[in-house]
Amino acid sequence: MKKLLKIVGVVVLVVVLAAAAAATYVKTALPDVGDAPVISIERTLERIERGNYLANHVTVCMDCHSSRDWSLFSAPLAAGNFGGGGELFSRDMGFPGVFYARNITPYGIGKWTDGEVFRAITTGTSRDGHALFPIMPYLNYGQLDQEDIYSLISYIRTLAPVQHDIEAPAYDFPVNILINTMPTKANLSTRPSETDQVAYGRYMATAASCVECHSKREKGEKVPGTEFGGGMEFIMPSGITTSANISPDKTNGIGTWTADAFVQRFKPYADSSYKPHKVGPKEMNTPMPWTMYAGMKESDLRAIFAYLQTVKPQSNKVVKFRPN
């Protein structure tokens, strides 16, 4: 019996030491995405204009890295904090900790090199080498065209400084350790020709990160096999809003939609006469930044729709809103 207990004790000790060694390795040696590239991006007018379009209507960087007015439908951007960060992602929303979007104006990242910003956007590794939680979908951005990333950085560099200090994130266990395994080296691509509508649509859907919200989530992580089927829950003061099924399922998705119908789902929010309505205490609100995505070119929306028609249909039936 003593011999058995001794063997068990040795096994437990080995397991504990192995776990400690693994945790130490993850905390000290990762993330391992390489040094920030040494680049100095020429801020041409073309790049700034392209970056403006992407940051405000496709990748919608300015959505999270600003303040939103949640008293209005779709929470449009509030005045006074454009790019200043502070958008909260908390445990109440299903995330494993408390995270705040960073200040991306010169006040926040003015001392960063272009290469450090590039590495953060495409790999999820901050200036000092620490891992970023993939609320910012850097795993998607790392698949984009280098020129589009250069354009985003060129535009971000034009933002006016906003003096807004952001709290450091607070990670729950074991995410405080596992987060170092999340960043990955960029796998950049070439933006397809717009004439190849499906390939181009896939690229634009990746840039817009449609799949990130339109899939089920558990502890902040996307559930494999649920892509584009909707089901991510957003806890609002008035109830729970659930993301729509945008797969080509004919019963619960958009399989019976036309491209025209898809475009018209967005474009009314781009009308100069549109004013977001006040959301009552029992009314549905949504995190979907309709007014931002509505500024996407119609041809880009049509390409995204063409791509979505090729993804795996998901039969997930979504209850759009459950009031408190």
# chains A, B, ... in the order shown; residues from 1 in each chain; ligands from 1

call {"tool": "residues_around", "arguments": {"residues": "Arg202 (chain A)", "least_positions_apart": "2", "cutoff": "12 Å", "atoms": "only C-alpha atoms", "output": "number ranges by chain"}}
result
A: 140, 143-144, 189, 191-194, 196-200, 204-211, 300-311

call {"tool": "write_last_selection", "arguments": {"atoms": "N, CA, C and O atoms", "output": "short mmCIF file (atom, residue, chain, number, x, y, z; two decimals), in the first residue's frame"}}
result
data_model
loop_
_atom_site.label_atom_id
_atom_site.label_comp_id
_atom_site.auth_asym_id
_atom_site.auth_seq_id
_atom_site.Cartn_x
_atom_site.Cartn_y
_atom_site.Cartn_z
N ASN A 140 -8.62 37.61 -38.20
CA ASN A 140 -9.16 37.94 -39.52
C ASN A 140 -8.30 38.98 -40.23
O ASN A 140 -7.98 38.85 -41.41
N GLN A 143 -5.33 38.09 -42.24
CA GLN A 143 -5.53 37.43 -43.53
C GLN A 143 -5.74 38.44 -44.66
O GLN A 143 -5.93 38.04 -45.81
N LEU A 144 -5.72 39.71 -44.34
CA LEU A 144 -6.02 40.73 -45.34
C LEU A 144 -4.78 41.08 -46.17
O LEU A 144 -3.69 40.56 -45.94
N SER A 189 -2.80 38.07 -47.46
CA SER A 189 -3.25 37.61 -48.77
C SER A 189 -3.25 38.78 -49.74
O SER A 189 -2.90 39.91 -49.38
N ARG A 191 -5.76 41.01 -52.07
CA ARG A 191 -7.18 41.30 -52.26
C ARG A 191 -7.62 40.87 -53.66
O ARG A 191 -7.06 41.32 -54.66
N PRO A 192 -8.65 39.97 -53.74
CA PRO A 192 -9.08 39.48 -55.04
C PRO A 192 -9.69 40.59 -55.91
O PRO A 192 -10.13 41.62 -55.39
N SER A 193 -9.72 40.35 -57.18
CA SER A 193 -10.38 41.28 -58.09
C SER A 193 -11.87 41.30 -57.81
O SER A 193 -12.48 40.28 -57.47
N GLU A 194 -12.48 42.47 -57.95
CA GLU A 194 -13.91 42.59 -57.72
C GLU A 194 -14.71 41.81 -58.76
O GLU A 194 -15.89 41.52 -58.54
N ASP A 196 -14.17 38.76 -59.49
CA ASP A 196 -14.37 37.44 -58.90
C ASP A 196 -15.22 37.66 -57.65
O ASP A 196 -14.72 37.76 -56.54
N GLN A 197 -16.53 37.78 -57.85
CA GLN A 197 -17.42 38.28 -56.80
C GLN A 197 -17.39 37.45 -55.52
O GLN A 197 -17.36 38.01 -54.42
N VAL A 198 -17.39 36.14 -55.65
CA VAL A 198 -17.41 35.30 -54.44
C VAL A 198 -16.11 35.42 -53.66
O VAL A 198 -16.12 35.59 -52.44
N ALA A 199 -14.97 35.34 -54.36
CA ALA A 199 -13.67 35.46 -53.68
C ALA A 199 -13.52 36.84 -53.05
O ALA A 199 -13.05 36.98 -51.91
N TYR A 200 -13.94 37.85 -53.80
CA TYR A 200 -13.87 39.21 -53.27
C TYR A 200 -14.82 39.37 -52.09
O TYR A 200 -14.49 40.01 -51.08
N MET A 204 -14.03 40.56 -48.24
CA MET A 204 -14.69 41.66 -47.56
C MET A 204 -15.43 41.19 -46.31
O MET A 204 -15.49 41.90 -45.31
N ALA A 205 -15.99 39.98 -46.35
CA ALA A 205 -16.65 39.43 -45.16
C ALA A 205 -15.62 39.15 -44.06
O ALA A 205 -15.91 39.31 -42.86
N THR A 206 -14.42 38.76 -44.46
CA THR A 206 -13.33 38.57 -43.50
C THR A 206 -12.92 39.90 -42.90
O THR A 206 -12.73 40.03 -41.69
N ALA A 207 -12.80 40.93 -43.75
CA ALA A 207 -12.44 42.26 -43.26
C ALA A 207 -13.51 42.79 -42.30
O ALA A 207 -13.19 43.41 -41.28
N ALA A 208 -14.77 42.53 -42.62
CA ALA A 208 -15.89 42.99 -41.78
C ALA A 208 -16.11 42.10 -40.57
O ALA A 208 -16.88 42.45 -39.67
N SER A 209 -15.46 40.93 -40.56
CA SER A 209 -15.56 39.98 -39.44
C SER A 209 -17.00 39.59 -39.14
O SER A 209 -17.39 39.45 -37.98
N CYS A 210 -17.78 39.38 -40.19
CA CYS A 210 -19.18 38.99 -40.03
C CYS A 210 -19.33 37.75 -39.14
O CYS A 210 -20.24 37.65 -38.32
N VAL A 211 -18.42 36.79 -39.34
CA VAL A 211 -18.53 35.51 -38.65
C VAL A 211 -18.35 35.66 -37.15
O VAL A 211 -18.84 34.81 -36.37
N ASP A 300 -19.79 46.12 -52.76
CA ASP A 300 -19.16 45.32 -51.72
C ASP A 300 -20.21 44.52 -50.95
O ASP A 300 -19.99 43.35 -50.60
N LEU A 301 -21.35 45.13 -50.67
CA LEU A 301 -22.43 44.40 -50.01
C LEU A 301 -22.91 43.24 -50.87
O LEU A 301 -23.16 42.13 -50.37
N ARG A 302 -23.03 43.48 -52.16
CA ARG A 302 -23.47 42.41 -53.07
C ARG A 302 -22.45 41.27 -53.12
O ARG A 302 -22.82 40.10 -53.20
N ALA A 303 -21.18 41.62 -53.07
CA ALA A 303 -20.15 40.59 -53.06
C ALA A 303 -20.20 39.77 -51.78
O ALA A 303 -20.07 38.53 -51.81
N ILE A 304 -20.41 40.42 -50.64
CA ILE A 304 -20.54 39.69 -49.38
C ILE A 304 -21.73 38.74 -49.43
O ILE A 304 -21.65 37.59 -48.99
N PHE A 305 -22.84 39.23 -49.97
CA PHE A 305 -24.02 38.37 -50.10
C PHE A 305 -23.71 37.16 -50.97
O PHE A 305 -24.09 36.03 -50.63
N ALA A 306 -23.02 37.38 -52.09
CA ALA A 306 -22.67 36.27 -52.98
C ALA A 306 -21.82 35.24 -52.25
O ALA A 306 -22.01 34.02 -52.41
N TYR A 307 -20.89 35.71 -51.42
CA TYR A 307 -20.07 34.78 -50.65
C TYR A 307 -20.90 34.03 -49.61
O TYR A 307 -20.77 32.80 -49.45
N LEU A 308 -21.77 34.75 -48.90
CA LEU A 308 -22.58 34.10 -47.86
C LEU A 308 -23.45 32.99 -48.43
O LEU A 308 -23.77 32.02 -47.73
N GLN A 309 -23.82 33.11 -49.69
CA GLN A 309 -24.63 32.06 -50.31
C GLN A 309 -23.84 30.77 -50.53
O GLN A 309 -24.42 29.73 -50.83
N THR A 310 -22.51 30.83 -50.34
CA THR A 310 -21.67 29.64 -50.56
C THR A 310 -21.26 28.95 -49.26
O THR A 310 -20.68 27.88 -49.30
N VAL A 311 -21.54 29.58 -48.10
CA VAL A 311 -21.10 28.97 -46.84
C VAL A 311 -22.06 27.86 -46.44
O VAL A 311 -23.15 27.72 -47.00
#

call {"tool": "residues_around", "arguments": {"residues": "region 273-279 of chain A", "least_positions_apart": "3", "cutoff": "10 Å", "atoms": "only C-alpha atoms", "output": "ChimeraX atom specification"}}
result
/A:69-76,238,268-270,282-285,290-291

call {"tool": "write_last_selection", "arguments": {"atoms": "C-alpha atoms", "output": "PDB file, in the first residue's frame"}}
result
ATOM      1  CA  ASP A  69     -24.777  56.127 -27.460  1.00  0.00           C
ATOM      2  CA  TRP A  70     -26.667  53.074 -26.212  1.00  0.00           C
ATOM      3  CA  SER A  71     -29.819  55.101 -25.600  1.00  0.00           C
ATOM      4  CA  LEU A  72     -30.336  55.120 -29.389  1.00  0.00           C
ATOM      5  CA  PHE A  73     -31.058  52.222 -31.727  1.00  0.00           C
ATOM      6  CA  SER A  74     -27.885  50.535 -32.972  1.00  0.00           C
ATOM      7  CA  ALA A  75     -25.838  52.704 -30.597  1.00  0.00           C
ATOM      8  CA  PRO A  76     -24.364  55.204 -33.057  1.00  0.00           C
ATOM      9  CA  SER A 238     -33.971  45.751 -21.843  1.00  0.00           C
ATOM     10  CA  PRO A 268     -31.909  52.835 -45.352  1.00  0.00           C
ATOM     11  CA  TYR A 269     -29.488  53.563 -42.490  1.00  0.00           C
ATOM     12  CA  ALA A 270     -27.278  55.505 -44.918  1.00  0.00           C
ATOM     13  CA  LYS A 282     -38.684  47.242 -23.007  1.00  0.00           C
ATOM     14  CA  GLU A 283     -37.543  47.722 -26.598  1.00  0.00           C
ATOM     15  CA  MET A 284     -34.867  45.822 -28.497  1.00  0.00           C
ATOM     16  CA  ASN A 285     -31.497  47.372 -29.153  1.00  0.00           C
ATOM     17  CA  TRP A 290     -26.015  49.634 -38.962  1.00  0.00           C
ATOM     18  CA  THR A 291     -25.168  53.250 -39.711  1.00  0.00           C
TER      19      THR A 291
END

call {"tool": "residues_around", "arguments": {"residues": "region 244-250 of chain A", "least_positions_apart": "2", "cutoff": "12 Å", "atoms": "only C-alpha atoms", "output": "NGL selection string"}}
result
:A and (205 or 210-216 or 225-234 or 241-242 or 252-258 or 262 or 286-288 or 304-321)

call {"tool": "select_by_dssp", "arguments": {"residues": "region 147-312 of chain A", "states": "strand (DSSP E)", "output": "list in words"}}
result
Ala170, Tyr171, Arg217, Glu218, Glu221, Lys222, Glu233, Phe234, Ile235, Met236, Gly239, Ile240, Thr241 and Thr242 of chain A

call {"tool": "closest_residue", "arguments": {"among": "A:Gly84, A:Pro169, A:Gly201, A:Gly142", "to": "Lys185 (chain A)", "atoms": "only C-alpha atoms"}}
result
A:Gly142

call {"tool": "residues_around", "arguments": {"residues": "Leu45 (chain A)", "least_positions_apart": "6", "cutoff": "12 Å", "atoms": "only C-alpha atoms", "output": "list of chain:residue names"}}
result
A:Gly51, A:Asn52, A:Ser151, A:Ser154, A:Tyr155, A:Thr158

call {"tool": "select_by_dssp", "arguments": {"residues": "region 81-169 of chain A", "states": "helix (DSSP H, G or I)", "output": "PyMOL selection string"}}
result
chain A and resi 91-93+106-109+114-123+138-141+146-156

call {"tool": "atom_distance", "arguments": {"atom1": "CA of Gly97 (chain A)", "atom2": "CA of Thr123 (chain A)"}}
result
20.7 Å

call {"tool": "residues_around", "arguments": {"residues": "Glu221 (chain A)", "least_positions_apart": "6", "cutoff": "10 Å", "atoms": "only C-alpha atoms", "output": "ChimeraX atom specification"}}
result
/A:94-96,134-135,212,215
